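Colleague: Below is a structure I'd like to ask you about.
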Amino acid sequence: MATRRASSTDNRLTSISIENFKSISSPQVVQVRGLTLLAGANSSGKSSAMQPLLLMKQTLEATYDPGTFLLDGPNVRFTSAKQVLSIGKKNFSVGFGIGQNLEATLSYVSQKTNGLQIAKLTTSSSSNTAVVIRIGMSYAELREATGKWFDLGPRPAIEFKSSFRVSSERCLLNLGIYVPPPDFGGIQADLGRSQTAIRDFLLDMLHLPGLRGNPERTYKTTSTSNRFPGTFEIYFASH
C-alpha cells in the first residue's frame, strides 16, 4: 500500500498502533517511514497489522452509509464482529501517529444488538495532555475533557454551548462546531486535524492485493483521478 499525495501541513502518518484486532491481542506499534516493509512467517500477524486500515478505507469509500464499519467489502471480508476481535475481547483500537507530535487513537466496542460501534477518540500532542471525546458528551463534559483546547471566547452564550457536539462519521469521530462566524471564539485545531489527516491517508491509500489467476487477453480501462477506491489492480490498464 502507498499514498500518492503530500500535504502542505505536517500530516504525515508516522506510526500505526493496533490492539485487540484478530491475532494482535496486545498493543503493537509499526513505525511508518518512506518505505516500510512487514516481513515474517505465515500467521505471524502481518495481515492483522494491515487489515484495520483496509477495513476503514472500504468503509469511508462506500457509496452508501454502512454504519461504523463495512465488514464485507472489496478490500477485506468479514462476516461478523467476532472475526475482527481478538479471542475473548469485546473492543479494539487503531492509533495513528501524525506529524511530529500528534497522536490519535480510535476505539471501537462490539455490542450485541448494533455490532461494532465507535466508542471514543483519544487525541494527544507534546504540548497538551490527552483529550478523550465520546458521542453524547455535554458541553460541560467537553469543556472539562478538553481543558484549554475548548474556548468559546468572550461571549459563551447558552445557545453556543449546544452548538458543540461530538458526531460519528462512519468509523471516524468528530467534534463539530455548529456556530456561524464570527460569533464563536474558536477551538484548538488538533482535534479536527487528526481526523482530517486519518481520512486523507485512508482515502489516498492504494491497495494492491496479491495478483492471482491467469493473464487476460485484454484489460478494461477505467477513468482515474487522485484516489483509487477499492483495490488497485482494476486501474492497471489505465494508469
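Each chain in the C-alpha cells gets a letter, A, B, ..., in the order shown, and its residues are numbered from 1; ligands are numbered from 1 in order too.
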Name the residues in contact with Arg33 (chain A) at a cut-off of 12 Å, using only C-alpha atoms, excluding same-chain residues fewer than 5 positions from it; report them as a list in words.
Modeller: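 Returned residues: Ala2, Thr3, Arg12, Leu13, Thr14, Ser15, Ile16, Leu38, Gly97, Ile98 and Gly99 of chain A.
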Colleague: If we count only C-alpha atoms, what is near Leu116 (chain A) at a cut-off of 10 Å, once residues fewer than 5 positions away on the same chain are taken out, given as an MDAnalysis selection string?
Modeller: chainID A and resid 67:69 71 80:82 84:85 90:92 108:111 171
Colleague: May I have the residues from that selection written out with N, CA and C atoms, as a PDB file, in the first residue's frame?
Modeller:
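Generated file (result.pdb):
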ATOM      1  N   GLY A  67     -22.708   2.374   8.252  1.00  0.00           N
ATOM      2  CA  GLY A  67     -22.574   2.394   9.696  1.00  0.00           C
ATOM      3  C   GLY A  67     -21.113   2.539  10.077  1.00  0.00           C
ATOM      4  N   THR A  68     -20.760   2.078  11.257  1.00  0.00           N
ATOM      5  CA  THR A  68     -19.383   2.239  11.728  1.00  0.00           C
ATOM      6  C   THR A  68     -18.384   1.537  10.822  1.00  0.00           C
ATOM      7  N   PHE A  69     -18.712   0.321  10.396  1.00  0.00           N
ATOM      8  CA  PHE A  69     -17.805  -0.422   9.513  1.00  0.00           C
ATOM      9  C   PHE A  69     -18.583  -1.156   8.419  1.00  0.00           C
ATOM     10  N   LEU A  71     -18.072  -4.388   6.889  1.00  0.00           N
ATOM     11  CA  LEU A  71     -17.259  -5.565   7.172  1.00  0.00           C
ATOM     12  C   LEU A  71     -16.921  -6.357   5.920  1.00  0.00           C
ATOM     13  N   SER A  80     -18.709 -11.207  10.566  1.00  0.00           N
ATOM     14  CA  SER A  80     -19.209 -10.789  11.872  1.00  0.00           C
ATOM     15  C   SER A  80     -18.102 -10.087  12.642  1.00  0.00           C
ATOM     16  N   ALA A  81     -18.504  -9.376  13.692  1.00  0.00           N
ATOM     17  CA  ALA A  81     -17.537  -8.671  14.524  1.00  0.00           C
ATOM     18  C   ALA A  81     -16.591  -9.637  15.226  1.00  0.00           C
ATOM     19  N   LYS A  82     -17.045 -10.860  15.479  1.00  0.00           N
ATOM     20  CA  LYS A  82     -16.200 -11.836  16.163  1.00  0.00           C
ATOM     21  C   LYS A  82     -14.924 -12.119  15.376  1.00  0.00           C
ATOM     22  N   VAL A  84     -13.249  -9.991  13.716  1.00  0.00           N
ATOM     23  CA  VAL A  84     -12.377  -8.818  13.796  1.00  0.00           C
ATOM     24  C   VAL A  84     -11.631  -8.789  15.128  1.00  0.00           C
ATOM     25  N   LEU A  85     -12.299  -9.204  16.195  1.00  0.00           N
ATOM     26  CA  LEU A  85     -11.755  -9.066  17.542  1.00  0.00           C
ATOM     27  C   LEU A  85     -10.839 -10.225  17.918  1.00  0.00           C
ATOM     28  N   LYS A  90     -13.843  -7.657  23.548  1.00  0.00           N
ATOM     29  CA  LYS A  90     -15.068  -7.015  23.076  1.00  0.00           C
ATOM     30  C   LYS A  90     -14.806  -5.651  22.456  1.00  0.00           C
ATOM     31  N   ASN A  91     -13.536  -5.274  22.360  1.00  0.00           N
ATOM     32  CA  ASN A  91     -13.209  -3.981  21.762  1.00  0.00           C
ATOM     33  C   ASN A  91     -11.844  -4.049  21.110  1.00  0.00           C
ATOM     34  N   PHE A  92     -11.589  -3.134  20.201  1.00  0.00           N
ATOM     35  CA  PHE A  92     -10.258  -3.000  19.615  1.00  0.00           C
ATOM     36  C   PHE A  92      -9.992  -1.535  19.309  1.00  0.00           C
ATOM     37  N   TYR A 108     -13.112   1.070  19.375  1.00  0.00           N
ATOM     38  CA  TYR A 108     -14.389   0.522  18.948  1.00  0.00           C
ATOM     39  C   TYR A 108     -14.804  -0.592  19.901  1.00  0.00           C
ATOM     40  N   VAL A 109     -16.117  -0.748  20.096  1.00  0.00           N
ATOM     41  CA  VAL A 109     -16.637  -1.758  21.006  1.00  0.00           C
ATOM     42  C   VAL A 109     -17.706  -2.572  20.282  1.00  0.00           C
ATOM     43  N   SER A 110     -17.777  -3.850  20.588  1.00  0.00           N
ATOM     44  CA  SER A 110     -18.781  -4.737  19.999  1.00  0.00           C
ATOM     45  C   SER A 110     -20.006  -4.784  20.899  1.00  0.00           C
ATOM     46  N   GLN A 111     -21.180  -4.473  20.312  1.00  0.00           N
ATOM     47  CA  GLN A 111     -22.434  -4.517  21.046  1.00  0.00           C
ATOM     48  C   GLN A 111     -23.304  -5.643  20.495  1.00  0.00           C
ATOM     49  N   CYS A 171     -16.504   5.361  10.553  1.00  0.00           N
ATOM     50  CA  CYS A 171     -15.537   4.854  11.524  1.00  0.00           C
ATOM     51  C   CYS A 171     -14.715   5.951  12.192  1.00  0.00           C
TER      52      CYS A 171
END
Colleague: Given only C-alpha atoms as the basis, pick out the residue of A:Gly115, A:Thr146, A:Arg217, A:Thr231 nearest to Thr79 (chain A).
Modeller: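 Answer, going by the shortest atom-to-atom distance: A:Gly115.
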Colleague: Pick the closest to Leu202 (chain A) from A:Pro229, A:Pro215, A:Pro27, A:Gly34: which is it, counting only C-alpha atoms?
Modeller: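 Among A:Pro229, A:Pro215, A:Pro27, A:Gly34, it is A:Pro229 that comes nearest to Leu202 (chain A).
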Colleague: Lys57 (chain A): which residues within 9 Å, counting only C-alpha atoms, same-chain residues fewer than 4 positions away excluded, as a list in words?
Modeller: Pro52, Leu53, Glu61, Ala62, Asn75, Arg199, Phe201, Leu202, Leu203, Asp204, Met205, Pro229 and Gly230 of chain A
Colleague: Just the residues within 12 Å of Val132 (chain A), please, counting only C-alpha atoms, with nothing from its chain fewer than 4 positions along; format it as a ChimeraX atom specification.
Modeller: /A:103-107,119-124,137,141-147,149,166,173-175,191
Colleague: Using N, CA and C atoms, can you export the residues from the last selection as a PDB file, in the first residue's frame?
Modeller:
ATOM      1  N   GLU A 103      -0.897  12.411  18.158  1.00  0.00           N
ATOM      2  CA  GLU A 103      -1.327  11.023  18.172  1.00  0.00           C
ATOM      3  C   GLU A 103      -2.843  10.977  18.353  1.00  0.00           C
ATOM      4  N   ALA A 104      -3.504  10.109  17.606  1.00  0.00           N
ATOM      5  CA  ALA A 104      -4.953   9.951  17.699  1.00  0.00           C
ATOM      6  C   ALA A 104      -5.282   8.467  17.677  1.00  0.00           C
ATOM      7  N   THR A 105      -6.083   8.032  18.644  1.00  0.00           N
ATOM      8  CA  THR A 105      -6.464   6.622  18.744  1.00  0.00           C
ATOM      9  C   THR A 105      -7.979   6.501  18.739  1.00  0.00           C
ATOM     10  N   LEU A 106      -8.483   5.691  17.827  1.00  0.00           N
ATOM     11  CA  LEU A 106      -9.912   5.422  17.727  1.00  0.00           C
ATOM     12  C   LEU A 106     -10.195   4.064  18.352  1.00  0.00           C
ATOM     13  N   SER A 107     -11.173   4.031  19.258  1.00  0.00           N
ATOM     14  CA  SER A 107     -11.517   2.797  19.956  1.00  0.00           C
ATOM     15  C   SER A 107     -12.929   2.372  19.577  1.00  0.00           C
ATOM     16  N   ALA A 119     -16.376   3.958  20.061  1.00  0.00           N
ATOM     17  CA  ALA A 119     -16.508   4.231  21.495  1.00  0.00           C
ATOM     18  C   ALA A 119     -15.920   5.579  21.884  1.00  0.00           C
ATOM     19  N   LYS A 120     -14.705   5.895  21.377  1.00  0.00           N
ATOM     20  CA  LYS A 120     -14.075   7.144  21.780  1.00  0.00           C
ATOM     21  C   LYS A 120     -12.915   7.482  20.857  1.00  0.00           C
ATOM     22  N   LEU A 121     -12.531   8.739  20.901  1.00  0.00           N
ATOM     23  CA  LEU A 121     -11.339   9.229  20.217  1.00  0.00           C
ATOM     24  C   LEU A 121     -10.430   9.847  21.260  1.00  0.00           C
ATOM     25  N   THR A 122      -9.203   9.373  21.314  1.00  0.00           N
ATOM     26  CA  THR A 122      -8.206   9.919  22.238  1.00  0.00           C
ATOM     27  C   THR A 122      -7.141  10.641  21.425  1.00  0.00           C
ATOM     28  N   THR A 123      -6.975  11.927  21.682  1.00  0.00           N
ATOM     29  CA  THR A 123      -6.018  12.747  20.946  1.00  0.00           C
ATOM     30  C   THR A 123      -5.022  13.363  21.919  1.00  0.00           C
ATOM     31  N   SER A 124      -3.758  13.343  21.563  1.00  0.00           N
ATOM     32  CA  SER A 124      -2.740  13.949  22.416  1.00  0.00           C
ATOM     33  C   SER A 124      -1.624  14.507  21.560  1.00  0.00           C
ATOM     34  N   MET A 137     -21.477  13.543  24.718  1.00  0.00           N
ATOM     35  CA  MET A 137     -20.915  14.367  25.779  1.00  0.00           C
ATOM     36  C   MET A 137     -21.599  15.733  25.813  1.00  0.00           C
ATOM     37  N   GLU A 141     -19.088  18.467  29.963  1.00  0.00           N
ATOM     38  CA  GLU A 141     -18.139  17.360  29.861  1.00  0.00           C
ATOM     39  C   GLU A 141     -17.059  17.650  28.835  1.00  0.00           C
ATOM     40  N   LEU A 142     -17.439  18.253  27.704  1.00  0.00           N
ATOM     41  CA  LEU A 142     -16.449  18.608  26.688  1.00  0.00           C
ATOM     42  C   LEU A 142     -15.479  19.645  27.227  1.00  0.00           C
ATOM     43  N   ARG A 143     -16.006  20.626  27.943  1.00  0.00           N
ATOM     44  CA  ARG A 143     -15.150  21.681  28.493  1.00  0.00           C
ATOM     45  C   ARG A 143     -14.151  21.101  29.482  1.00  0.00           C
ATOM     46  N   GLU A 144     -14.626  20.174  30.329  1.00  0.00           N
ATOM     47  CA  GLU A 144     -13.744  19.554  31.313  1.00  0.00           C
ATOM     48  C   GLU A 144     -12.706  18.660  30.638  1.00  0.00           C
ATOM     49  N   ALA A 145     -13.135  17.907  29.612  1.00  0.00           N
ATOM     50  CA  ALA A 145     -12.232  16.962  28.957  1.00  0.00           C
ATOM     51  C   ALA A 145     -11.153  17.660  28.145  1.00  0.00           C
ATOM     52  N   THR A 146     -11.521  18.728  27.455  1.00  0.00           N
ATOM     53  CA  THR A 146     -10.577  19.362  26.545  1.00  0.00           C
ATOM     54  C   THR A 146      -9.785  20.490  27.176  1.00  0.00           C
ATOM     55  N   GLY A 147     -10.200  20.962  28.334  1.00  0.00           N
ATOM     56  CA  GLY A 147      -9.441  21.986  29.034  1.00  0.00           C
ATOM     57  C   GLY A 147      -9.248  23.234  28.208  1.00  0.00           C
ATOM     58  N   TRP A 149      -8.075  23.580  25.344  1.00  0.00           N
ATOM     59  CA  TRP A 149      -8.357  23.450  23.914  1.00  0.00           C
ATOM     60  C   TRP A 149      -9.736  23.984  23.578  1.00  0.00           C
ATOM     61  N   VAL A 166     -20.287  16.114  19.564  1.00  0.00           N
ATOM     62  CA  VAL A 166     -19.476  15.041  19.007  1.00  0.00           C
ATOM     63  C   VAL A 166     -20.373  14.178  18.118  1.00  0.00           C
ATOM     64  N   LEU A 173     -14.597   9.911  14.313  1.00  0.00           N
ATOM     65  CA  LEU A 173     -15.326  10.675  15.316  1.00  0.00           C
ATOM     66  C   LEU A 173     -14.890  12.123  15.230  1.00  0.00           C
ATOM     67  N   ASN A 174     -15.857  13.040  15.202  1.00  0.00           N
ATOM     68  CA  ASN A 174     -15.556  14.456  15.026  1.00  0.00           C
ATOM     69  C   ASN A 174     -16.172  15.292  16.130  1.00  0.00           C
ATOM     70  N   LEU A 175     -15.458  16.334  16.507  1.00  0.00           N
ATOM     71  CA  LEU A 175     -16.011  17.364  17.379  1.00  0.00           C
ATOM     72  C   LEU A 175     -16.403  18.516  16.488  1.00  0.00           C
ATOM     73  N   LEU A 191      -7.907  18.627  17.281  1.00  0.00           N
ATOM     74  CA  LEU A 191      -8.949  17.607  17.277  1.00  0.00           C
ATOM     75  C   LEU A 191      -9.424  17.319  15.859  1.00  0.00           C
TER      76      LEU A 191
END
Colleague: Got a sec: who's within 12 Å of Lys46 (chain A), counting only C-alpha atoms, leaving out chain neighbours fewer than 3 positions off, as JSON, numbers by chain?
Modeller: {"A": [18, 21, 22, 23, 24, 28, 30, 37, 38, 39, 40, 41, 42, 43, 49, 50, 51, 52]}
Colleague: Mind checking DSSP for region 20-232 of chain A and telling me the strand (DSSP E or B) residues as number ranges by chain?
Modeller: A: 21, 24, 28-31, 72, 77, 85, 91-98, 102-111, 115-125, 128-133, 150, 164-169, 172-177, 187, 206
Colleague: Enumerate as a PyMOL selection string all residues of region 14-228 of chain A assigned to helix (DSSP H, G or I) by DSSP on the backbone, naming them with the chain letters and numbers the document uses.
Modeller: chain A and resi 46-61+81-83+139-149+158-161+190-204
Colleague: Dump C-alpha atoms for the selected residues as a compact mmCIF listing (two decimals), in the first residue's frame?
Modeller:
# COMPACT_ATOMS: atom_id res chain seq x y z
CA LYS A 46 1.29 -9.21 9.01
CA SER A 47 -2.26 -9.20 7.65
CA SER A 48 -3.67 -8.31 11.05
CA ALA A 49 -1.48 -5.21 11.04
CA MET A 50 -2.82 -4.03 7.67
CA GLN A 51 -6.47 -5.08 7.74
CA PRO A 52 -7.70 -2.40 10.17
CA LEU A 53 -6.61 0.26 7.65
CA LEU A 54 -8.26 -1.59 4.76
CA LEU A 55 -11.44 -2.02 6.81
CA MET A 56 -11.54 1.73 7.46
CA LYS A 57 -10.71 2.51 3.82
CA GLN A 58 -13.58 0.48 2.39
CA THR A 59 -15.97 1.93 4.98
CA LEU A 60 -15.16 5.52 4.02
CA GLU A 61 -15.31 4.71 0.29
CA ALA A 81 -17.54 -8.67 14.52
CA LYS A 82 -16.20 -11.84 16.16
CA GLN A 83 -13.82 -12.28 13.23
CA TYR A 139 -20.96 20.97 26.89
CA ALA A 140 -19.74 20.75 30.50
CA GLU A 141 -18.14 17.36 29.86
CA LEU A 142 -16.45 18.61 26.69
CA ARG A 143 -15.15 21.68 28.49
CA GLU A 144 -13.74 19.55 31.31
CA ALA A 145 -12.23 16.96 28.96
CA THR A 146 -10.58 19.36 26.54
CA GLY A 147 -9.44 21.99 29.03
CA LYS A 148 -7.72 24.92 27.40
CA TRP A 149 -8.36 23.45 23.91
CA ILE A 158 -26.15 29.48 26.23
CA GLU A 159 -27.02 28.77 22.58
CA PHE A 160 -23.31 28.43 21.77
CA LYS A 161 -22.99 25.57 24.21
CA ASP A 190 -5.68 19.47 16.68
CA LEU A 191 -8.95 17.61 17.28
CA GLY A 192 -10.20 18.18 13.74
CA ARG A 193 -6.74 17.93 12.25
CA SER A 194 -6.26 14.36 13.41
CA GLN A 195 -9.46 13.15 11.76
CA THR A 196 -8.71 15.02 8.54
CA ALA A 197 -5.22 13.51 8.39
CA ILE A 198 -6.54 9.99 9.04
CA ARG A 199 -9.33 10.35 6.48
CA ASP A 200 -6.97 11.67 3.80
CA PHE A 201 -4.46 8.90 4.43
CA LEU A 202 -7.08 6.16 4.18
CA LEU A 203 -8.72 7.57 1.05
CA ASP A 204 -5.35 8.16 -0.65
Colleague: When you draw a straight line from CA of Thr218 (chain A) to CA of Glu233 (chain A), how long is it in Å?
Modeller: 13.6 Å
Colleague: As an exercise, work out the distance from CA of Ile118 (chain A) to CA of Pro66 (chain A) in Å and give it to one decimal place.
Modeller: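 CA of Pro66 (chain A) lies at a distance of 13.2 Å from CA of Ile118 (chain A).
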